[in-house]
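Enquirer: Here's a structure for you.
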Amino acid sequence: MPESQSVQVFGKKKTATAVAFAKQGRGLIKVNGQPLELLEPEALRFKVYEPVLIVGQDKFSNLDIRVRVSGGGITSQIYAIRAAIAKSVVAYHGKYVDEHSKNELRAKLMGYDRNILVADPRRCEPKKYGGKSARSRFQKSYR
């Protein structure tokens with residue numbers, strides 16, 4: 001039996017990590033075993049749909065994408081899923097379709113939002129002594 005065509009990529013945002021496993025299929029996208037339509041919160045659901053809406057449904061019609069996500073908060077997980085889905089379709093086209101379609105998809109996604117394909121390097125700054133947070137200091141008194 002021939003090996004099925006598949007790629008595995010990850011998307012990250014802060015401490016949230018989403019691992020996407022894309023293989024030949026019939027257009028299913030599932031996150032932790034559930035379809036995208038059931039993803040909560042509802043207000044951020046369109047953020048996850050963005051890669052599909054930008055490149056078009058036809059590019060996803062022969063792909064099954066399974067995403068496992070862990071760590072971080074709700075919003076970070078949504079952004080990590082979004083990055084993983086976008087990276088998986090680009091990687092699949094680069095490996096099994098052709099270089100031209102990969103570059104086309106990449107340019108389309110980068111033109112919309114660079115953070116879909118490139119991880120955001122911002123992290124929480126650690127607390128220092130002499131104050132209650134990273135930057136604020138305790139009030140100074142002269143008397």
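Just so we're on the same page: first chain in the structure tokens is A, next is B, and so on; residues restart at 1 for each chain, and ligands are numbered from 1 in the order they show up.
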Write down as a PDB file with N, CA and C atoms, in the first residue's frame the residues belonging to chain A that are assigned alpha helix (DSSP H) by DSSP computed on the backbone.

Expert:
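File written: result-v5.pdb
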```pdb
ATOM      1  N   ARG A  45     -14.232  33.028  15.849  1.00  0.00           N
ATOM      2  CA  ARG A  45     -14.325  31.905  14.910  1.00  0.00           C
ATOM      3  C   ARG A  45     -13.874  32.295  13.501  1.00  0.00           C
ATOM      4  N   PHE A  46     -14.171  33.525  13.088  1.00  0.00           N
ATOM      5  CA  PHE A  46     -13.791  33.966  11.750  1.00  0.00           C
ATOM      6  C   PHE A  46     -12.282  34.094  11.587  1.00  0.00           C
ATOM      7  N   LYS A  47     -11.570  34.288  12.700  1.00  0.00           N
ATOM      8  CA  LYS A  47     -10.102  34.324  12.646  1.00  0.00           C
ATOM      9  C   LYS A  47      -9.566  32.986  12.157  1.00  0.00           C
ATOM     10  N   VAL A  48     -10.224  31.885  12.557  1.00  0.00           N
ATOM     11  CA  VAL A  48      -9.795  30.550  12.147  1.00  0.00           C
ATOM     12  C   VAL A  48     -10.184  30.290  10.692  1.00  0.00           C
ATOM     13  N   TYR A  49     -11.318  30.883  10.244  1.00  0.00           N
ATOM     14  CA  TYR A  49     -11.759  30.717   8.854  1.00  0.00           C
ATOM     15  C   TYR A  49     -10.897  31.505   7.868  1.00  0.00           C
ATOM     16  N   GLU A  50     -10.160  32.513   8.356  1.00  0.00           N
ATOM     17  CA  GLU A  50      -9.422  33.418   7.465  1.00  0.00           C
ATOM     18  C   GLU A  50      -8.563  32.717   6.412  1.00  0.00           C
ATOM     19  N   PRO A  51      -7.696  31.748   6.788  1.00  0.00           N
ATOM     20  CA  PRO A  51      -6.888  31.107   5.746  1.00  0.00           C
ATOM     21  C   PRO A  51      -7.730  30.474   4.635  1.00  0.00           C
ATOM     22  N   VAL A  52      -8.858  29.869   5.012  1.00  0.00           N
ATOM     23  CA  VAL A  52      -9.743  29.229   4.034  1.00  0.00           C
ATOM     24  C   VAL A  52     -10.380  30.281   3.133  1.00  0.00           C
ATOM     25  N   LEU A  53     -10.813  31.384   3.722  1.00  0.00           N
ATOM     26  CA  LEU A  53     -11.480  32.438   2.961  1.00  0.00           C
ATOM     27  C   LEU A  53     -10.505  33.182   2.048  1.00  0.00           C
ATOM     28  N   ILE A  54      -9.256  33.349   2.481  1.00  0.00           N
ATOM     29  CA  ILE A  54      -8.263  34.091   1.695  1.00  0.00           C
ATOM     30  C   ILE A  54      -7.846  33.303   0.456  1.00  0.00           C
ATOM     31  N   VAL A  55      -7.445  32.043   0.648  1.00  0.00           N
ATOM     32  CA  VAL A  55      -6.929  31.270  -0.495  1.00  0.00           C
ATOM     33  C   VAL A  55      -8.034  30.591  -1.294  1.00  0.00           C
ATOM     34  N   GLN A  57     -11.869  28.095  -1.027  1.00  0.00           N
ATOM     35  CA  GLN A  57     -12.312  26.758  -0.599  1.00  0.00           C
ATOM     36  C   GLN A  57     -11.745  25.651  -1.493  1.00  0.00           C
ATOM     37  N   ASP A  58     -11.509  25.966  -2.780  1.00  0.00           N
ATOM     38  CA  ASP A  58     -11.033  24.942  -3.727  1.00  0.00           C
ATOM     39  C   ASP A  58      -9.660  24.377  -3.352  1.00  0.00           C
ATOM     40  N   LYS A  59      -8.818  25.164  -2.709  1.00  0.00           N
ATOM     41  CA  LYS A  59      -7.488  24.687  -2.296  1.00  0.00           C
ATOM     42  C   LYS A  59      -7.586  23.695  -1.129  1.00  0.00           C
ATOM     43  N   PHE A  60      -8.675  23.789  -0.361  1.00  0.00           N
ATOM     44  CA  PHE A  60      -8.866  22.916   0.792  1.00  0.00           C
ATOM     45  C   PHE A  60      -9.760  21.711   0.479  1.00  0.00           C
ATOM     46  N   ILE A  74      -7.458  31.285  25.469  1.00  0.00           N
ATOM     47  CA  ILE A  74      -8.426  31.065  24.390  1.00  0.00           C
ATOM     48  C   ILE A  74      -7.998  31.790  23.110  1.00  0.00           C
ATOM     49  N   THR A  75      -7.681  33.080  23.227  1.00  0.00           N
ATOM     50  CA  THR A  75      -7.323  33.882  22.059  1.00  0.00           C
ATOM     51  C   THR A  75      -6.026  33.393  21.423  1.00  0.00           C
ATOM     52  N   SER A  76      -5.039  33.092  22.243  1.00  0.00           N
ATOM     53  CA  SER A  76      -3.757  32.596  21.721  1.00  0.00           C
ATOM     54  C   SER A  76      -3.941  31.282  20.977  1.00  0.00           C
ATOM     55  N   GLN A  77      -4.802  30.420  21.498  1.00  0.00           N
ATOM     56  CA  GLN A  77      -5.067  29.143  20.834  1.00  0.00           C
ATOM     57  C   GLN A  77      -5.702  29.362  19.468  1.00  0.00           C
ATOM     58  N   ILE A  78      -6.635  30.317  19.373  1.00  0.00           N
ATOM     59  CA  ILE A  78      -7.294  30.628  18.094  1.00  0.00           C
ATOM     60  C   ILE A  78      -6.249  31.075  17.066  1.00  0.00           C
ATOM     61  N   TYR A  79      -5.351  31.969  17.470  1.00  0.00           N
ATOM     62  CA  TYR A  79      -4.315  32.464  16.555  1.00  0.00           C
ATOM     63  C   TYR A  79      -3.325  31.365  16.181  1.00  0.00           C
ATOM     64  N   ALA A  80      -3.037  30.453  17.111  1.00  0.00           N
ATOM     65  CA  ALA A  80      -2.138  29.332  16.821  1.00  0.00           C
ATOM     66  C   ALA A  80      -2.776  28.374  15.815  1.00  0.00           C
ATOM     67  N   ILE A  81      -4.081  28.109  15.966  1.00  0.00           N
ATOM     68  CA  ILE A  81      -4.823  27.240  15.032  1.00  0.00           C
ATOM     69  C   ILE A  81      -4.804  27.863  13.638  1.00  0.00           C
ATOM     70  N   ARG A  82      -5.070  29.151  13.581  1.00  0.00           N
ATOM     71  CA  ARG A  82      -5.088  29.900  12.315  1.00  0.00           C
ATOM     72  C   ARG A  82      -3.742  29.786  11.599  1.00  0.00           C
ATOM     73  N   ALA A  83      -2.658  29.942  12.341  1.00  0.00           N
ATOM     74  CA  ALA A  83      -1.317  29.839  11.759  1.00  0.00           C
ATOM     75  C   ALA A  83      -1.035  28.415  11.285  1.00  0.00           C
ATOM     76  N   ALA A  84      -1.444  27.429  12.070  1.00  0.00           N
ATOM     77  CA  ALA A  84      -1.186  26.029  11.721  1.00  0.00           C
ATOM     78  C   ALA A  84      -1.930  25.627  10.448  1.00  0.00           C
ATOM     79  N   ILE A  85      -3.181  26.062  10.307  1.00  0.00           N
ATOM     80  CA  ILE A  85      -3.968  25.731   9.113  1.00  0.00           C
ATOM     81  C   ILE A  85      -3.338  26.362   7.870  1.00  0.00           C
ATOM     82  N   ALA A  86      -2.960  27.642   7.983  1.00  0.00           N
ATOM     83  CA  ALA A  86      -2.353  28.342   6.844  1.00  0.00           C
ATOM     84  C   ALA A  86      -1.017  27.706   6.455  1.00  0.00           C
ATOM     85  N   LYS A  87      -0.189  27.413   7.449  1.00  0.00           N
ATOM     86  CA  LYS A  87       1.122  26.809   7.162  1.00  0.00           C
ATOM     87  C   LYS A  87       0.976  25.421   6.555  1.00  0.00           C
ATOM     88  N   SER A  88      -0.034  24.662   7.009  1.00  0.00           N
ATOM     89  CA  SER A  88      -0.209  23.299   6.512  1.00  0.00           C
ATOM     90  C   SER A  88      -0.587  23.282   5.032  1.00  0.00           C
ATOM     91  N   VAL A  89      -1.465  24.180   4.602  1.00  0.00           N
ATOM     92  CA  VAL A  89      -1.862  24.198   3.186  1.00  0.00           C
ATOM     93  C   VAL A  89      -0.696  24.641   2.307  1.00  0.00           C
ATOM     94  N   VAL A  90       0.112  25.589   2.794  1.00  0.00           N
ATOM     95  CA  VAL A  90       1.286  26.037   2.038  1.00  0.00           C
ATOM     96  C   VAL A  90       2.313  24.907   1.942  1.00  0.00           C
ATOM     97  N   ALA A  91       2.558  24.221   3.069  1.00  0.00           N
ATOM     98  CA  ALA A  91       3.535  23.128   3.080  1.00  0.00           C
ATOM     99  C   ALA A  91       3.093  21.969   2.190  1.00  0.00           C
ATOM    100  N   TYR A  92       1.784  21.653   2.213  1.00  0.00           N
ATOM    101  CA  TYR A  92       1.253  20.559   1.388  1.00  0.00           C
ATOM    102  C   TYR A  92       1.442  20.875  -0.097  1.00  0.00           C
ATOM    103  N   GLU A  99       5.802  24.206  -6.864  1.00  0.00           N
ATOM    104  CA  GLU A  99       6.417  25.369  -6.218  1.00  0.00           C
ATOM    105  C   GLU A  99       5.667  26.659  -6.537  1.00  0.00           C
ATOM    106  N   HIS A 100       5.155  26.772  -7.760  1.00  0.00           N
ATOM    107  CA  HIS A 100       4.455  27.991  -8.169  1.00  0.00           C
ATOM    108  C   HIS A 100       3.190  28.208  -7.336  1.00  0.00           C
ATOM    109  N   SER A 101       2.381  27.155  -7.164  1.00  0.00           N
ATOM    110  CA  SER A 101       1.142  27.304  -6.373  1.00  0.00           C
ATOM    111  C   SER A 101       1.469  27.596  -4.909  1.00  0.00           C
ATOM    112  N   LYS A 102       2.569  27.023  -4.402  1.00  0.00           N
ATOM    113  CA  LYS A 102       2.993  27.301  -3.020  1.00  0.00           C
ATOM    114  C   LYS A 102       3.330  28.775  -2.858  1.00  0.00           C
ATOM    115  N   ASN A 103       4.123  29.319  -3.789  1.00  0.00           N
ATOM    116  CA  ASN A 103       4.513  30.734  -3.722  1.00  0.00           C
ATOM    117  C   ASN A 103       3.318  31.664  -3.875  1.00  0.00           C
ATOM    118  N   GLU A 104       2.352  31.246  -4.699  1.00  0.00           N
ATOM    119  CA  GLU A 104       1.120  32.023  -4.895  1.00  0.00           C
ATOM    120  C   GLU A 104       0.321  32.103  -3.591  1.00  0.00           C
ATOM    121  N   LEU A 105       0.131  30.932  -2.944  1.00  0.00           N
ATOM    122  CA  LEU A 105      -0.596  30.879  -1.668  1.00  0.00           C
ATOM    123  C   LEU A 105       0.123  31.702  -0.608  1.00  0.00           C
ATOM    124  N   ARG A 106       1.434  31.537  -0.547  1.00  0.00           N
ATOM    125  CA  ARG A 106       2.248  32.250   0.437  1.00  0.00           C
ATOM    126  C   ARG A 106       2.117  33.768   0.266  1.00  0.00           C
ATOM    127  N   ALA A 107       2.178  34.235  -0.974  1.00  0.00           N
ATOM    128  CA  ALA A 107       2.070  35.672  -1.256  1.00  0.00           C
ATOM    129  C   ALA A 107       0.689  36.207  -0.875  1.00  0.00           C
ATOM    130  N   LYS A 108      -0.356  35.407  -1.168  1.00  0.00           N
ATOM    131  CA  LYS A 108      -1.725  35.802  -0.830  1.00  0.00           C
ATOM    132  C   LYS A 108      -1.901  35.952   0.674  1.00  0.00           C
ATOM    133  N   LEU A 109      -1.412  34.959   1.421  1.00  0.00           N
ATOM    134  CA  LEU A 109      -1.544  34.975   2.879  1.00  0.00           C
ATOM    135  C   LEU A 109      -0.698  36.076   3.510  1.00  0.00           C
ATOM    136  N   MET A 110       0.527  36.266   3.006  1.00  0.00           N
ATOM    137  CA  MET A 110       1.405  37.313   3.541  1.00  0.00           C
ATOM    138  C   MET A 110       0.842  38.707   3.243  1.00  0.00           C
ATOM    139  N   GLY A 111       0.207  38.847   2.104  1.00  0.00           N
ATOM    140  CA  GLY A 111      -0.404  40.123   1.744  1.00  0.00           C
ATOM    141  C   GLY A 111      -1.556  40.487   2.665  1.00  0.00           C
ATOM    142  N   TYR A 112      -2.263  39.477   3.155  1.00  0.00           N
ATOM    143  CA  TYR A 112      -3.392  39.727   4.063  1.00  0.00           C
ATOM    144  C   TYR A 112      -2.886  40.045   5.465  1.00  0.00           C
TER     145      TYR A 112
END
```

Enquirer: For Ala22 in chain A, list every protein, DNA or RNA residue within 8 Å, evaluated using only C-alpha atoms, and leave out those in the same chain fewer than 6 positions away; present the list as JSON, numbers by chain.

Expert: {"A": [6, 7, 8, 63, 64, 65, 66, 88, 89, 92]}

Enquirer: Using Å and a single decimal, report how far CA of Val9 in chain A sits from CA of Phe21 in chain A.

Expert: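 For CA of Phe21 in chain A relative to CA of Val9 in chain A, the distance reads 6.6 Å.
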
Enquirer: Can you list, as a PyMOL selection string, all residues belonging to chain A that DSSP tags as strand (DSSP E or B)?

Expert: chain A and resi 6-13+16-24+29-31+34-35+63-70

Enquirer: Hey, which of A:Arg123, A:Lys140, A:Lys128, A:Arg135 ends up closest to Lys14 in chain A? Count only C-alpha atoms.

Expert: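 Among the listed residues, the smallest separation from Lys14 in chain A belongs to A:Arg123.
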
Enquirer: Distance CA of Ser4 in chain A-CA of Gly25 in chain A, one decimal place?

Expert: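 Going from CA of Ser4 in chain A over to CA of Gly25 in chain A, I get 9.9 Å.
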